[in-house]
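Enquirer: Input: one structure, supplied below.
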Amino acid sequence: MSAVVKTATPFINKELLLQALKNIGCNFTLQGNDILTDRKDYYGFQKFSLNNGRYVFLHDSSAEIGSFYMTQPNGYPWGNIKNQEYKSVSEFLKTVENEYQSLYQKKLKELELKRLEEEKRRLEQERIAFIEKQKSTIIARAKEKGYSVKEENVKGKIKLVLVRNTYSK
Amino acid sequence: MAEQRIVITIDENGIINASTEGIKGEMCLDELQKLLSELADLDSITKTDEFYQGNELKVQNKIQNKKQ
């Protein structure tokens, strides 16, 4: 017998998880390392709790069949606040997961763009430093050889005019 | 008293163009080599007619380094 197991996206980044919750309309409060959602079950607010580097969703296991309890007297009311419709824990987590993934991909693109910008800036600084070194070396050598040096900037180019007077026959 | 003049331009890509005036014969190339050595690879040297006219005439030579 064989089995195929698929795990959900681990929620590793707190900032992204909070943004995902906000985006799907789930209100939350922070309590230490816990993120308390506005979803309530028998044991209180369902929450994300940091465990081994990822946020695990803690809830009453019977909440998964919450729709049944909602029909019972004193059944606990919980659901998706945004549209006021019931959503099971798995539906809720799937919604959070999709939003988290979407934000994560967006973040990766932003980081890549930032990396490229930084690389571009580094190359530009390297080029400017190289030219500056060329200039200062030439000026130093020219002065050593007795030239007076005049520096100008002409249309983005550095122009150095070296002049020396000599006595010749 | 004679004036020796060297005009050097460095463009935004680090390409150097240099020309000399009033430096006689081969001396002008030596002078440019001393100023620019190790800074760039020479790409072309253009000797003007004056270069070949001996030491008594004004010499103008141009030297250009390779594109980086």
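Identifiers in this document derive from the order of the structure tokens: chains are assigned A, B, ..., residues are numbered from 1 separately in each chain, and ligands are numbered from 1 in order of occurrence.
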Sorted by chain and rising residue number, list the residues of chain A at most 6 Å from chain B (counting only C-alpha atoms), each with its closest atom pair and distance in Å to one decimal, as JSON lines.

Expert:
{"residue": "A:Ile131", "atom": "CA", "partner": "B:Gly14", "partner_atom": "CA", "distance": 5.4}
{"residue": "A:Ile138", "atom": "CA", "partner": "B:Leu35", "partner_atom": "CA", "distance": 5.8}
{"residue": "A:Arg141", "atom": "CA", "partner": "B:Leu35", "partner_atom": "CA", "distance": 6.0}
{"residue": "A:Lys157", "atom": "CA", "partner": "B:Asp11", "partner_atom": "CA", "distance": 4.5}
{"residue": "A:Ile158", "atom": "CA", "partner": "B:Ile10", "partner_atom": "CA", "distance": 5.1}
{"residue": "A:Lys159", "atom": "CA", "partner": "B:Thr9", "partner_atom": "CA", "distance": 4.3}
{"residue": "A:Leu160", "atom": "CA", "partner": "B:Ile8", "partner_atom": "CA", "distance": 5.0}
{"residue": "A:Val161", "atom": "CA", "partner": "B:Val7", "partner_atom": "CA", "distance": 4.6}
{"residue": "A:Leu162", "atom": "CA", "partner": "B:Ile6", "partner_atom": "CA", "distance": 4.9}
{"residue": "A:Val163", "atom": "CA", "partner": "B:Arg5", "partner_atom": "CA", "distance": 4.5}
{"residue": "A:Arg164", "atom": "CA", "partner": "B:Gln4", "partner_atom": "CA", "distance": 5.1}
{"residue": "A:Asn165", "atom": "CA", "partner": "B:Glu3", "partner_atom": "CA", "distance": 4.4}
{"residue": "A:Thr166", "atom": "CA", "partner": "B:Ala2", "partner_atom": "CA", "distance": 5.2}
{"residue": "A:Tyr167", "atom": "CA", "partner": "B:Met1", "partner_atom": "CA", "distance": 4.6}

Enquirer: Put those residues in a file: C-alpha atoms, as a CSV table (one decimal), in the first residue's frame.

Expert:
chain,number,residue,atom,x,y,z
A,131,ILE,CA,37.6,56.9,-13.6
A,138,ILE,CA,47.5,61.1,-14.3
A,141,ARG,CA,52.3,61.7,-12.5
A,157,LYS,CA,34.0,64.0,-19.9
A,158,ILE,CA,37.0,64.9,-17.7
A,159,LYS,CA,39.4,67.1,-19.6
A,160,LEU,CA,42.9,67.5,-18.2
A,161,VAL,CA,45.2,70.2,-19.7
A,162,LEU,CA,48.8,69.6,-18.8
A,163,VAL,CA,51.2,72.5,-19.5
A,164,ARG,CA,55.0,72.7,-19.0
A,165,ASN,CA,57.5,75.2,-20.2
A,166,THR,CA,60.9,74.1,-21.2
A,167,TYR,CA,64.0,75.8,-22.4

Enquirer: Would you give me, as a ChimeraX atom specification, the residues in segment 16-153 of chain A that DSSP reads as alpha helix (DSSP H)?

Expert: /A:16-23,66-70,89-144
